[in-house]
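Listing of my_file-v8.cif, mmCIF, C-alpha atoms
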data_upload
#
loop_
_atom_site.label_atom_id
_atom_site.label_comp_id
_atom_site.auth_asym_id
_atom_site.auth_seq_id
_atom_site.Cartn_x
_atom_site.Cartn_y
_atom_site.Cartn_z
CA MET A 901 77.47 136.84 22.62
CA ASN A 902 75.75 139.80 21.05
CA CYS A 903 74.49 143.03 22.58
CA GLY A 904 70.91 141.76 22.78
CA GLN A 905 72.01 138.78 24.88
CA ALA A 906 74.03 141.10 27.12
CA THR A 907 70.96 143.27 27.65
CA ALA A 908 68.87 140.19 28.44
CA ILE A 909 71.35 139.06 31.11
CA VAL A 910 71.27 142.51 32.70
CA ALA A 911 67.47 142.56 32.59
CA ARG A 912 67.27 139.17 34.34
CA TRP A 913 69.69 140.35 37.01
CA GLU A 914 67.74 143.56 37.45
CA SER A 915 64.54 141.61 37.97
CA ASP A 916 65.65 139.11 40.62
CA GLY A 917 69.23 139.94 41.53
CA GLU A 918 70.41 136.54 40.34
CA ILE A 919 73.20 135.90 37.93
CA LEU A 920 74.81 132.66 36.85
CA THR A 921 78.59 132.51 36.90
CA ALA A 922 78.53 131.49 33.24
CA ASP A 923 76.40 134.51 32.29
CA HIS A 924 78.65 136.79 34.32
CA ASP A 925 81.71 135.50 32.49
CA LEU A 926 80.01 135.81 29.07
CA LEU A 927 78.95 139.36 29.86
CA SER A 928 82.41 140.24 31.12
CA ALA A 929 83.98 138.89 27.93
CA HIS A 930 81.47 140.78 25.77
CA LEU A 931 82.26 144.06 27.53
CA THR A 932 85.91 143.73 26.60
CA GLU A 933 84.87 143.62 22.93
CA CYS A 934 81.90 146.00 22.76
CA GLU A 935 82.55 149.61 23.71
CA ASN A 936 78.86 150.52 23.75
CA CYS A 937 77.95 147.74 26.20
CA ARG A 938 81.09 148.39 28.21
CA ASN A 939 80.03 151.99 28.77
CA ARG A 940 76.52 150.93 29.73
CA TYR A 941 77.18 147.89 31.91
CA SER A 942 80.66 148.00 33.47
CA GLY A 943 79.27 149.38 36.70
CA ILE A 944 76.49 146.80 36.71
CA LEU A 945 79.11 144.06 36.45
CA LEU A 946 80.63 145.20 39.75
CA LEU A 947 77.22 145.00 41.42
CA MET A 948 76.75 141.54 39.92
CA ASP A 949 79.99 140.52 41.64
CA ARG A 950 78.28 141.08 44.95
CA ASP A 951 75.31 138.91 43.96
CA LEU A 952 77.75 136.17 43.00
CA GLY A 953 79.40 136.43 46.38
CA ILE A 954 82.57 137.98 44.96
CA HIS A 955 84.00 140.75 47.12
CA SER A 956 83.77 143.90 45.01
CA GLY A 957 85.47 146.23 47.49
CA LEU A 958 82.96 148.99 46.85
CA ALA A 959 83.17 150.24 50.44
CA ALA A 960 86.87 149.68 50.85
CA GLU A 961 88.21 153.03 49.67
CA LEU A 962 85.68 155.17 51.50
CA PRO A 963 87.07 157.49 54.17
CA GLU A 964 87.48 156.05 57.64
CA PRO A 965 87.06 157.96 60.90
CA GLY A 966 90.15 159.62 62.31
CA ALA A 967 92.86 157.73 64.20
CA ALA A 968 91.73 159.10 67.56
CA PHE A 969 88.09 158.18 67.02
CA SER A 970 87.82 155.30 69.48
CA ARG A 971 89.59 157.18 72.25
CA ALA A 972 87.45 160.30 71.71
CA THR A 973 84.31 158.17 71.74
CA MET A 974 85.28 156.47 75.00
CA GLU A 975 85.85 159.89 76.58
CA ARG A 976 82.45 161.13 75.43
CA LEU A 977 80.79 157.97 76.65
CA THR A 978 82.53 158.11 80.04
CA GLN A 979 81.45 161.71 80.59
CA ARG A 980 77.87 160.89 79.66
CA SER A 981 77.82 157.86 81.96
CA ARG A 982 78.57 159.78 85.11
CA VAL A 983 75.44 159.37 87.16
CA ILE A 984 74.45 160.71 90.48
CA HIS A 985 73.64 157.70 92.54
CA VAL A 986 71.11 158.46 95.19
CA GLY A 987 70.04 155.78 97.65
CA PHE A 988 66.37 156.59 97.40
CA ASN A 989 65.27 154.54 100.35
CA ARG A 990 67.87 155.99 102.69
CA LEU A 991 67.56 159.72 102.07
CA PRO A 992 64.75 162.00 103.21
CA ARG A 993 62.32 162.96 100.45
CA TRP A 994 63.25 166.63 100.56
CA SER A 995 66.90 165.90 99.65
CA VAL A 996 65.77 163.76 96.69
CA ALA A 997 63.67 166.68 95.45
CA VAL A 998 66.61 169.07 95.86
CA ALA A 999 68.94 166.69 94.02
CA ALA A 1000 66.40 166.30 91.21
CA ALA A 1001 65.99 170.07 90.92
CA MET A 1002 69.77 170.58 90.75
CA VAL A 1003 70.15 167.93 88.09
CA LEU A 1004 67.37 169.48 86.00
CA VAL A 1005 69.25 172.79 86.09
CA VAL A 1006 72.50 171.06 85.10
CA ALA A 1007 71.12 168.54 82.62
CA GLY A 1008 68.97 170.99 80.72
CA PHE A 1009 67.01 169.84 77.73
CA LEU A 1010 65.55 166.27 77.77
CA PHE A 1011 66.89 164.79 74.59
CA TYR A 1012 64.20 162.25 74.15
CA SER A 1013 61.33 163.53 76.32
CA GLN A 1014 59.32 166.60 75.35
CA ARG A 1015 56.86 168.50 77.46
CA THR A 1016 53.57 169.76 76.18
CA GLU A 1017 51.15 171.54 78.44
CA SER A 1018 47.61 170.23 78.50
CA GLU A 1019 45.61 171.11 81.54
CA ALA A 1020 46.63 173.47 84.30
CA ASN A 1021 47.75 170.71 86.69
CA GLN A 1022 48.96 168.27 84.10
CA LEU A 1023 51.88 167.99 81.79
CA THR A 1024 52.00 165.58 78.89
CA VAL A 1025 55.38 163.90 78.90
CA HIS A 1026 56.57 162.22 75.72
CA PHE A 1027 58.79 159.17 76.37
CA VAL A 1028 60.92 157.79 73.55
CA LEU A 1029 63.22 154.79 73.53
CA ASP A 1030 65.35 153.64 70.63
CA ALA A 1031 65.36 149.84 70.99
CA PRO A 1032 66.25 147.99 67.80
CA GLY A 1033 65.25 144.35 67.94
CA ALA A 1034 62.71 144.79 70.72
CA GLN A 1035 59.32 143.19 70.23
CA LYS A 1036 57.59 144.98 73.09
CA VAL A 1037 58.43 148.01 75.22
CA ALA A 1038 56.50 149.03 78.30
CA LEU A 1039 56.77 152.12 80.50
CA VAL A 1040 56.53 151.40 84.22
CA GLY A 1041 56.74 153.73 87.14
CA SER A 1042 55.17 154.99 90.28
CA PHE A 1043 52.32 156.23 88.04
CA THR A 1044 51.54 152.68 86.86
CA GLN A 1045 52.14 151.04 90.23
CA TRP A 1046 55.10 149.41 88.41
CA ASN A 1047 52.71 147.32 86.35
CA PRO A 1048 54.30 146.57 82.94
CA ASP A 1049 50.94 145.87 81.31
CA LYS A 1050 49.46 149.35 81.66
CA LEU A 1051 51.49 151.57 79.32
CA LEU A 1052 52.81 149.98 76.16
CA LEU A 1053 54.90 152.07 73.78
CA LYS A 1054 54.21 152.07 70.06
CA ARG A 1055 56.53 152.32 67.10
CA ASP A 1056 56.26 152.90 63.37
CA ARG A 1057 56.70 149.74 61.35
CA ASN A 1058 60.07 150.71 59.89
CA SER A 1059 61.51 152.39 62.94
CA SER A 1060 63.20 151.14 66.08
CA GLU A 1061 62.00 154.16 68.11
CA TRP A 1062 59.24 153.38 70.56
CA GLU A 1063 57.18 156.21 72.02
CA ILE A 1064 54.27 157.12 74.25
CA SER A 1065 52.77 160.31 75.64
CA VAL A 1066 51.57 160.23 79.22
CA PRO A 1067 49.72 162.93 81.20
CA LEU A 1068 51.36 163.36 84.60
CA LYS A 1069 50.74 165.72 87.48
CA ARG A 1070 52.66 168.98 87.52
CA GLY A 1071 54.89 169.40 90.57
CA GLU A 1072 55.22 165.68 91.23
CA THR A 1073 58.37 163.55 91.19
CA TYR A 1074 58.22 160.22 89.42
CA LEU A 1075 60.49 157.21 89.12
CA TYR A 1076 60.24 155.12 85.99
CA ASN A 1077 61.82 152.42 83.84
CA PHE A 1078 61.36 150.87 80.43
CA VAL A 1079 60.73 147.13 80.25
CA ILE A 1080 61.95 145.41 77.08
CA ASP A 1081 60.20 142.20 75.97
CA ASP A 1082 58.77 141.62 79.46
CA ARG A 1083 62.27 140.77 80.57
CA THR A 1084 64.82 143.58 80.74
CA TRP A 1085 64.27 146.57 82.97
CA ILE A 1086 66.36 149.63 82.08
CA PRO A 1087 66.40 153.25 83.21
CA ASP A 1088 65.90 155.90 80.53
CA PRO A 1089 69.22 156.19 78.63
CA SER A 1090 68.52 159.85 77.92
CA MET A 1091 68.29 160.80 81.60
CA ARG A 1092 71.44 161.54 83.55
CA VAL A 1093 69.93 161.02 86.96
CA GLN A 1094 69.46 157.42 87.92
CA VAL A 1095 68.26 156.39 91.28
CA SER A 1096 68.74 153.13 93.08
CA ASP A 1097 65.42 151.30 93.18
CA GLY A 1098 66.27 149.47 96.34
CA PHE A 1099 66.28 146.13 94.51
CA GLY A 1100 69.78 146.31 93.04
CA GLY A 1101 68.71 148.11 89.89
CA GLU A 1102 68.26 151.71 88.80
CA SER A 1103 65.32 153.86 87.81
CA SER A 1104 65.16 157.24 86.14
CA LEU A 1105 63.83 160.21 88.05
CA ILE A 1106 61.80 163.04 86.62
CA GLN A 1107 60.37 166.03 88.41
CA LEU A 1108 57.68 168.03 86.70
CA MET B 872 90.19 145.66 62.08
CA ASP B 873 87.11 146.19 59.95
CA SER B 874 83.72 144.72 60.53
CA ASP B 875 84.03 142.14 57.77
CA GLN B 876 86.81 140.51 59.80
CA VAL B 877 85.06 140.79 63.13
CA ASP B 878 84.47 137.61 65.03
CA GLU B 879 80.89 137.84 66.27
CA ALA B 880 81.59 135.35 69.06
CA LYS B 881 84.40 137.54 70.38
CA ILE B 882 82.15 140.59 70.23
CA LEU B 883 79.42 138.82 72.18
CA GLU B 884 81.97 137.85 74.78
CA THR B 885 83.08 141.49 74.96
CA VAL B 886 79.44 142.60 75.36
CA GLY B 887 79.23 140.28 78.36
CA ARG B 888 82.36 141.82 79.87
CA VAL B 889 81.01 145.34 79.45
CA LEU B 890 77.69 144.37 81.02
CA ARG B 891 79.56 142.93 83.98
CA GLY B 892 81.14 146.34 84.56
CA GLU B 893 84.32 146.28 82.45
CA VAL B 894 83.48 149.54 80.68
CA ALA B 895 86.93 149.89 79.10
CA ALA B 896 86.26 146.75 77.05
CA PHE B 897 83.68 148.70 75.05
CA GLU B 898 86.56 150.25 73.13
CA ILE B 899 87.10 146.85 71.50
CA ILE B 900 83.58 147.09 70.10
CA ILE B 901 84.15 150.67 68.92
CA LYS B 902 87.33 149.71 67.06
CA ALA B 903 85.63 146.69 65.48
CA TYR B 904 82.71 148.65 64.05
CA GLN B 905 83.90 152.25 63.74
CA GLY B 906 84.47 151.88 59.99
CA ILE B 907 81.02 150.68 59.10
CA VAL B 908 79.27 152.96 61.61
CA PHE B 909 81.11 155.97 60.21
CA ARG B 910 80.35 154.99 56.61
CA VAL B 911 76.65 154.54 57.39
CA CYS B 912 76.50 157.95 59.13
CA ARG B 913 78.43 159.49 56.24
CA SER B 914 75.90 158.12 53.78
CA VAL B 915 73.13 160.09 55.55
CA LEU B 916 74.91 163.29 56.57
CA SER B 917 76.41 165.86 54.27
CA ASN B 918 79.83 166.34 55.82
CA ARG B 919 82.55 164.42 57.55
CA GLU B 920 82.40 166.32 60.85
CA ASP B 921 78.70 165.63 61.32
CA ALA B 922 79.28 162.00 60.37
CA GLU B 923 82.01 161.61 63.01
CA ASP B 924 79.82 163.31 65.58
CA ALA B 925 76.90 161.04 64.72
CA ALA B 926 79.15 157.99 64.74
CA GLN B 927 80.41 158.81 68.24
CA GLU B 928 76.85 159.43 69.39
CA SER B 929 75.81 156.08 67.90
CA PHE B 930 78.34 154.27 70.06
CA CYS B 931 77.22 156.22 73.13
CA ARG B 932 73.65 155.15 72.46
CA ALA B 933 74.72 151.57 71.89
CA PHE B 934 76.54 151.60 75.22
CA ARG B 935 73.44 152.89 77.04
CA LEU B 936 71.23 150.33 75.29
CA LEU B 937 73.64 147.43 75.60
CA ARG B 938 71.50 145.70 78.19
CA THR B 939 68.68 145.46 75.64
CA PHE B 940 70.82 143.65 73.07
CA ARG B 941 69.78 140.04 72.72
CA LEU B 942 72.77 137.73 72.79
CA ASP B 943 71.08 135.31 70.36
CA LYS B 944 71.13 138.02 67.67
CA ARG B 945 73.98 139.34 65.52
CA PHE B 946 75.66 142.48 66.78
CA LYS B 947 76.51 144.09 63.43
CA PRO B 948 72.90 144.74 62.25
CA TRP B 949 72.05 146.00 65.74
CA ILE B 950 74.82 148.61 65.84
CA VAL B 951 74.12 149.63 62.22
CA SER B 952 70.44 150.13 63.06
CA ILE B 953 71.44 152.47 65.88
CA ALA B 954 73.83 154.32 63.53
CA LEU B 955 71.09 154.82 60.93
CA ASN B 956 68.61 156.14 63.52
CA THR B 957 71.20 158.40 65.13
CA SER B 958 72.34 159.92 61.87
CA ARG B 959 68.75 160.46 60.76
CA SER B 960 68.11 162.29 64.07
CA PHE B 961 71.13 164.49 63.38
CA TYR B 962 69.84 165.11 59.87
CA ARG B 963 66.42 166.17 61.18
CA LYS B 964 67.74 168.29 64.04
CA ARG B 965 70.43 170.06 62.10
CA GLY B 966 68.31 170.60 59.00
CA ARG B 967 71.03 169.31 56.69
CA ILE B 968 69.21 168.26 53.57
CA SER B 969 71.58 165.73 52.13
CA ALA B 970 69.11 163.20 50.78
CA ASN B 971 69.37 162.46 47.09
CA ALA B 972 72.64 164.32 46.77
CA SER B 973 73.31 164.56 43.08
CA ALA B 974 76.99 163.74 43.34
CA VAL B 975 79.52 162.35 45.73
CA ALA B 976 80.96 165.16 47.88
CA PRO B 977 84.26 166.51 46.56
CA GLU B 978 86.19 165.20 49.55
CA GLU B 979 85.17 161.68 48.60
CA VAL B 980 86.62 162.08 45.13
CA GLN B 981 89.81 163.57 46.53
CA SER B 982 90.31 160.78 49.01
CA SER B 983 89.91 158.26 46.20
CA SER B 984 92.69 160.08 44.34
CA SER B 985 94.84 160.43 47.42
CA VAL B 986 94.74 156.69 48.01
CA GLU B 987 96.37 156.45 44.58
CA ILE B 988 94.18 153.67 43.31
CA GLU B 989 94.17 154.39 39.62
CA GLY B 990 92.57 152.65 36.79
CA GLU B 991 89.22 152.01 35.37
CA ARG B 992 88.02 149.83 38.27
CA ALA B 993 88.56 152.65 40.78
CA ILE B 994 86.71 155.11 38.55
CA LEU B 995 83.89 152.59 38.16
CA LYS B 996 83.58 152.16 41.91
CA GLU B 997 83.41 155.93 42.30
CA SER B 998 80.65 156.20 39.71
CA ILE B 999 78.68 153.45 41.48
CA ARG B 1000 79.00 155.19 44.84
CA ALA B 1001 77.90 158.46 43.23
CA ALA B 1002 74.91 156.70 41.66
CA VAL B 1003 73.98 155.16 45.02
CA GLN B 1004 73.96 158.62 46.61
CA ARG B 1005 71.33 159.67 44.10
CA LEU B 1006 68.88 156.98 45.16
CA PRO B 1007 65.86 157.81 47.35
CA ALA B 1008 66.78 157.41 51.04
CA ARG B 1009 65.07 154.06 51.65
CA LEU B 1010 66.58 152.45 48.58
CA ARG B 1011 69.96 154.04 49.29
CA ASP B 1012 70.19 152.59 52.80
CA THR B 1013 69.28 149.14 51.50
CA VAL B 1014 71.79 149.31 48.65
CA ILE B 1015 74.58 150.62 50.87
CA LEU B 1016 74.13 147.78 53.31
CA TYR B 1017 73.70 145.03 50.71
CA TYR B 1018 75.95 146.03 47.80
CA LEU B 1019 78.57 148.23 49.44
CA GLU B 1020 78.85 146.76 52.93
CA GLU B 1021 77.95 143.24 51.67
CA PHE B 1022 75.43 142.43 54.38
CA ASP B 1023 73.31 139.39 53.63
CA VAL B 1024 69.56 139.90 53.26
CA SER B 1025 68.85 138.79 56.85
CA ASP B 1026 71.28 141.32 58.27
CA VAL B 1027 69.91 144.10 56.06
CA ALA B 1028 66.40 143.25 57.26
CA ALA B 1029 67.53 143.29 60.91
CA ALA B 1030 69.40 146.57 60.54
CA LEU B 1031 66.50 148.32 58.80
CA ASN B 1032 63.79 146.69 60.92
CA ILE B 1033 61.95 145.39 57.88
CA GLY B 1034 61.10 141.97 56.49
CA LYS B 1035 63.34 140.06 54.09
CA GLU B 1036 60.76 140.32 51.32
CA ASN B 1037 60.76 144.08 51.73
CA VAL B 1038 64.55 144.07 51.38
CA LYS B 1039 64.33 142.07 48.16
CA SER B 1040 61.63 144.37 46.83
CA ARG B 1041 63.74 147.45 47.54
CA LEU B 1042 66.81 145.87 45.93
CA HIS B 1043 64.76 145.05 42.85
CA ARG B 1044 63.64 148.67 42.52
CA ALA B 1045 67.12 149.96 43.28
CA ARG B 1046 68.79 147.82 40.60
CA GLY B 1047 66.51 149.35 37.99
CA VAL B 1048 67.16 152.91 39.12
CA LEU B 1049 70.92 152.31 39.37
CA ARG B 1050 71.06 150.88 35.87
CA GLU B 1051 69.33 153.97 34.52
CA ILE B 1052 71.62 156.33 36.42
CA LEU B 1053 74.77 154.48 35.37
CA GLU B 1054 73.67 154.31 31.72
CA LYS B 1055 72.85 158.02 31.73
CA SER B 1056 76.22 158.88 33.30
CA ALA B 1057 78.01 156.78 30.72
CA THR B 1058 76.12 158.53 27.90
CA GLU B 1059 77.01 161.95 29.31
CA ARG B 1060 80.65 160.95 29.60
CA SER B 1061 80.89 159.75 26.01
CA ASP B 1062 79.05 162.87 24.74
CA ASN B 1063 81.66 165.01 26.46
CA GLU B 1064 84.58 163.12 24.92
#
With the file now loaded, output its structure as structure tokens.
Amino acid sequence: MNCGQATAIVARWESDGEILTADHDLLSAHLTECENCRNRYSGILLLMDRDLGIHSGLAAELPEPGAAFSRATMERLTQRSRVIHVGFNRLPRWSVAVAAAMVLVVAGFLFYSQRTESEANQLTVHFVLDAPGAQKVALVGSFTQWNPDKLLLKRDRNSSEWEISVPLKRGETYLYNFVIDDRTWIPDPSMRVQVSDGFGGESSLIQL
Amino acid sequence: MDSDQVDEAKILETVGRVLRGEVAAFEIIIKAYQGIVFRVCRSVLSNREDAEDAAQESFCRAFRLLRTFRLDKRFKPWIVSIALNTSRSFYRKRGRISANASAVAPEEVQSSSSVEIEGERAILKESIRAAVQRLPARLRDTVILYYLEEFDVSDVAAALNIGKENVKSRLHRARGVLREILEKSATERSDNE
């Protein structure tokens, strides 16, 4: 093999990512003999290994997380998962409002939801849900009469974040869920307060 | 256990256990994928601490979203997709401009040395990883998943939420850019010798 043939093999691989085992072996042999081509294409040969289905181990020597990573993650997750369960149907409305107000003081900033002020009695609430693999995400709540066809979230083509902005009344308390693919109802993962919906599930609660 | 040895069937069974209330079983999932999740976060963020933070946050998000995971899909692209989105959120919120880093961070080079893998092949791998870091973000993510983590095209497409043809198109562009970067690096090395 000469250098021109080596370059042609690399050019073909570059174009469609395909490489024949025979060409790989010829190229590999040529690189042992030609210093110029070896300098240019040794790295490419490792990438070609991957296209041939040969394990190249390119990720193997990268740093790993620390030894205590899984334990630390479980602790973080457990702390985040502590929810205040409130039996909505059994408590008087005023205590739900007090509980919501307390949680807002404790919880602080809404990681996913932002507030923008529009009119005097309205707040525009921005709902975001990261749902990779979902084909459709709807927002349902007391403000849609729990109809999953009214408010459909949108996402950018290359993103798994779904979002929608909804004008809601200032001073009101709302319950809401996301509905994934018309099938799975979930509370908002970014909200700490989850409230029993009286049907065995949970909804998120927001007070504006 | 690293993700290339993970039994997807066992993971799906574990997902079922977690969804039935056995929260402690989620640690099995963390241990199975912590390597790849950390590496993906590390590829986006400029330092190890942020990458570990983002990796932990990725698992927390995955736990909260577990009910949305479809059991007829593969888990690895799903968790990697969450890791990519989480680390990009960290990147935006913390203002760490690490895209198109011109070289692998020094700690990466040191850990390659500390593992005591000598020889030309180890140096080559390092130069490839450095070249990958210099790619534009979209190409870099695709190359990391396909060439470094050895995902197949379907899994890359699922993790990046794009079509398979888009994956192939990105790989085609990336191969050309990588060849140029590697050739240029080789020229610079031989000029310095």
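When all atoms listed in the file are used to measure the gap to Arg938 of chain B, the shortest distance among A:Leu1039, A:Ala1034, A:Ala911, A:Leu1105 belongs to A:Ala1034.
Residues with any atom within 7 Å of the point (76.2, 161.9, 62.6), counting all atoms listed in the file, are Cys912, Leu916, Asp921, Ala922, Glu923, Asp924, Ala925, Ala926, Thr957, Ser958 and Phe961 of chain B.
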| Given the file above and the PyMOL selection byres ((chain B) within 8 of (chain A)), which residues are selected, and can you give them as a PyMOL selection string? | chain B and resi 895+897-898+901-902+905-906+909-910+923+927-928+930-932+934-936+938-941+949+952-953+956+979+982-983+986+995-996+998-1000+1018-1021+1029+1031-1033+1042-1043+1046-1047+1050+1053-1054+1057-1058
Requested write-out: C-alpha atoms of the selected residues, as a PDB file, in the coordinates of the input:
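Printed below is again-v1.pdb as written:
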ATOM      1  CA  ALA B 895      86.930 149.890  79.100  1.00  0.00           C
ATOM      2  CA  PHE B 897      83.680 148.700  75.050  1.00  0.00           C
ATOM      3  CA  GLU B 898      86.560 150.250  73.130  1.00  0.00           C
ATOM      4  CA  ILE B 901      84.150 150.670  68.920  1.00  0.00           C
ATOM      5  CA  LYS B 902      87.330 149.710  67.060  1.00  0.00           C
ATOM      6  CA  GLN B 905      83.900 152.250  63.740  1.00  0.00           C
ATOM      7  CA  GLY B 906      84.470 151.880  59.990  1.00  0.00           C
ATOM      8  CA  PHE B 909      81.110 155.970  60.210  1.00  0.00           C
ATOM      9  CA  ARG B 910      80.350 154.990  56.610  1.00  0.00           C
ATOM     10  CA  GLU B 923      82.010 161.610  63.010  1.00  0.00           C
ATOM     11  CA  GLN B 927      80.410 158.810  68.240  1.00  0.00           C
ATOM     12  CA  GLU B 928      76.850 159.430  69.390  1.00  0.00           C
ATOM     13  CA  PHE B 930      78.340 154.270  70.060  1.00  0.00           C
ATOM     14  CA  CYS B 931      77.220 156.220  73.130  1.00  0.00           C
ATOM     15  CA  ARG B 932      73.650 155.150  72.460  1.00  0.00           C
ATOM     16  CA  PHE B 934      76.540 151.600  75.220  1.00  0.00           C
ATOM     17  CA  ARG B 935      73.440 152.890  77.040  1.00  0.00           C
ATOM     18  CA  LEU B 936      71.230 150.330  75.290  1.00  0.00           C
ATOM     19  CA  ARG B 938      71.500 145.700  78.190  1.00  0.00           C
ATOM     20  CA  THR B 939      68.680 145.460  75.640  1.00  0.00           C
ATOM     21  CA  PHE B 940      70.820 143.650  73.070  1.00  0.00           C
ATOM     22  CA  ARG B 941      69.780 140.040  72.720  1.00  0.00           C
ATOM     23  CA  TRP B 949      72.050 146.000  65.740  1.00  0.00           C
ATOM     24  CA  SER B 952      70.440 150.130  63.060  1.00  0.00           C
ATOM     25  CA  ILE B 953      71.440 152.470  65.880  1.00  0.00           C
ATOM     26  CA  ASN B 956      68.610 156.140  63.520  1.00  0.00           C
ATOM     27  CA  GLU B 979      85.170 161.680  48.600  1.00  0.00           C
ATOM     28  CA  SER B 982      90.310 160.780  49.010  1.00  0.00           C
ATOM     29  CA  SER B 983      89.910 158.260  46.200  1.00  0.00           C
ATOM     30  CA  VAL B 986      94.740 156.690  48.010  1.00  0.00           C
ATOM     31  CA  LEU B 995      83.890 152.590  38.160  1.00  0.00           C
ATOM     32  CA  LYS B 996      83.580 152.160  41.910  1.00  0.00           C
ATOM     33  CA  SER B 998      80.650 156.200  39.710  1.00  0.00           C
ATOM     34  CA  ILE B 999      78.680 153.450  41.480  1.00  0.00           C
ATOM     35  CA  ARG B1000      79.000 155.190  44.840  1.00  0.00           C
ATOM     36  CA  TYR B1018      75.950 146.030  47.800  1.00  0.00           C
ATOM     37  CA  LEU B1019      78.570 148.230  49.440  1.00  0.00           C
ATOM     38  CA  GLU B1020      78.850 146.760  52.930  1.00  0.00           C
ATOM     39  CA  GLU B1021      77.950 143.240  51.670  1.00  0.00           C
ATOM     40  CA  ALA B1029      67.530 143.290  60.910  1.00  0.00           C
ATOM     41  CA  LEU B1031      66.500 148.320  58.800  1.00  0.00           C
ATOM     42  CA  ASN B1032      63.790 146.690  60.920  1.00  0.00           C
ATOM     43  CA  ILE B1033      61.950 145.390  57.880  1.00  0.00           C
ATOM     44  CA  LEU B1042      66.810 145.870  45.930  1.00  0.00           C
ATOM     45  CA  HIS B1043      64.760 145.050  42.850  1.00  0.00           C
ATOM     46  CA  ARG B1046      68.790 147.820  40.600  1.00  0.00           C
ATOM     47  CA  GLY B1047      66.510 149.350  37.990  1.00  0.00           C
ATOM     48  CA  ARG B1050      71.060 150.880  35.870  1.00  0.00           C
ATOM     49  CA  LEU B1053      74.770 154.480  35.370  1.00  0.00           C
ATOM     50  CA  GLU B1054      73.670 154.310  31.720  1.00  0.00           C
ATOM     51  CA  ALA B1057      78.010 156.780  30.720  1.00  0.00           C
ATOM     52  CA  THR B1058      76.120 158.530  27.900  1.00  0.00           C
TER      53      THR B1058
END
| said: Can you measure atom CA of Asp1049 of chain A to atom CA of Gly887 of chain B for me? One decimal in Å is fine. | reply: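 Computing it gives 29.0 Å between the two atoms.
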| field | Nearest to Met1091 of chain A, chosen from A:His924, A:Gln1045, A:Thr907, A:Phe1027, with all atoms listed in the file counted in the distances | value | A:Phe1027
| said: What's the separation between atom CA of Val1066 of chain A and atom CA of Val1025 of chain A, in Å to one decimal place? | reply: 5.3 Å
| message | Considering only C-alpha atoms, can you say which of A:Ser1103, A:Gln1035, A:Ser1042, A:Thr1024 comes closest to Ser1065 of chain A? | response |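 Nearest to Ser1065 of chain A: A:Thr1024.
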| task | Work out how far atom CA of Leu926 of chain A is from atom CA of Phe1022 of chain B, in Å to one decimal. | result |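 Atom CA of Phe1022 of chain B sits 26.6 Å away from atom CA of Leu926 of chain A.
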With N, CA and C atoms as the target, complete segment 1068-1079 of chain A and hand it back as a PDB file, in the coordinates of the input.
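The file below, result-v2.pdb, is the result:
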ATOM      1  N   LEU A1068      50.929 163.525  83.211  1.00  0.00           N
ATOM      2  CA  LEU A1068      51.360 163.360  84.600  1.00  0.00           C
ATOM      3  C   LEU A1068      51.105 164.662  85.343  1.00  0.00           C
ATOM      4  N   LYS A1069      51.113 164.558  86.665  1.00  0.00           N
ATOM      5  CA  LYS A1069      50.740 165.720  87.480  1.00  0.00           C
ATOM      6  C   LYS A1069      51.915 166.678  87.592  1.00  0.00           C
ATOM      7  N   ARG A1070      51.649 167.927  87.353  1.00  0.00           N
ATOM      8  CA  ARG A1070      52.660 168.980  87.520  1.00  0.00           C
ATOM      9  C   ARG A1070      53.087 169.062  88.977  1.00  0.00           C
ATOM     10  N   GLY A1071      54.385 169.242  89.196  1.00  0.00           N
ATOM     11  CA  GLY A1071      54.890 169.400  90.570  1.00  0.00           C
ATOM     12  C   GLY A1071      55.257 168.082  91.244  1.00  0.00           C
ATOM     13  N   GLU A1072      54.905 166.975  90.635  1.00  0.00           N
ATOM     14  CA  GLU A1072      55.220 165.680  91.230  1.00  0.00           C
ATOM     15  C   GLU A1072      56.577 165.180  90.780  1.00  0.00           C
ATOM     16  N   THR A1073      57.123 164.233  91.565  1.00  0.00           N
ATOM     17  CA  THR A1073      58.370 163.550  91.190  1.00  0.00           C
ATOM     18  C   THR A1073      58.056 162.090  90.923  1.00  0.00           C
ATOM     19  N   TYR A1074      58.537 161.590  89.802  1.00  0.00           N
ATOM     20  CA  TYR A1074      58.220 160.220  89.420  1.00  0.00           C
ATOM     21  C   TYR A1074      59.503 159.431  89.174  1.00  0.00           C
ATOM     22  N   LEU A1075      59.448 158.153  89.528  1.00  0.00           N
ATOM     23  CA  LEU A1075      60.490 157.210  89.120  1.00  0.00           C
ATOM     24  C   LEU A1075      59.915 156.351  87.998  1.00  0.00           C
ATOM     25  N   TYR A1076      60.754 155.952  87.060  1.00  0.00           N
ATOM     26  CA  TYR A1076      60.240 155.120  85.990  1.00  0.00           C
ATOM     27  C   TYR A1076      61.352 154.302  85.334  1.00  0.00           C
ATOM     28  N   ASN A1077      60.930 153.257  84.644  1.00  0.00           N
ATOM     29  CA  ASN A1077      61.820 152.420  83.840  1.00  0.00           C
ATOM     30  C   ASN A1077      61.124 152.052  82.540  1.00  0.00           C
ATOM     31  N   PHE A1078      61.906 151.556  81.598  1.00  0.00           N
ATOM     32  CA  PHE A1078      61.360 150.870  80.430  1.00  0.00           C
ATOM     33  C   PHE A1078      61.541 149.370  80.651  1.00  0.00           C
ATOM     34  N   VAL A1079      60.592 148.582  80.175  1.00  0.00           N
ATOM     35  CA  VAL A1079      60.730 147.130  80.250  1.00  0.00           C
ATOM     36  C   VAL A1079      60.726 146.586  78.819  1.00  0.00           C
TER      37      VAL A1079
END
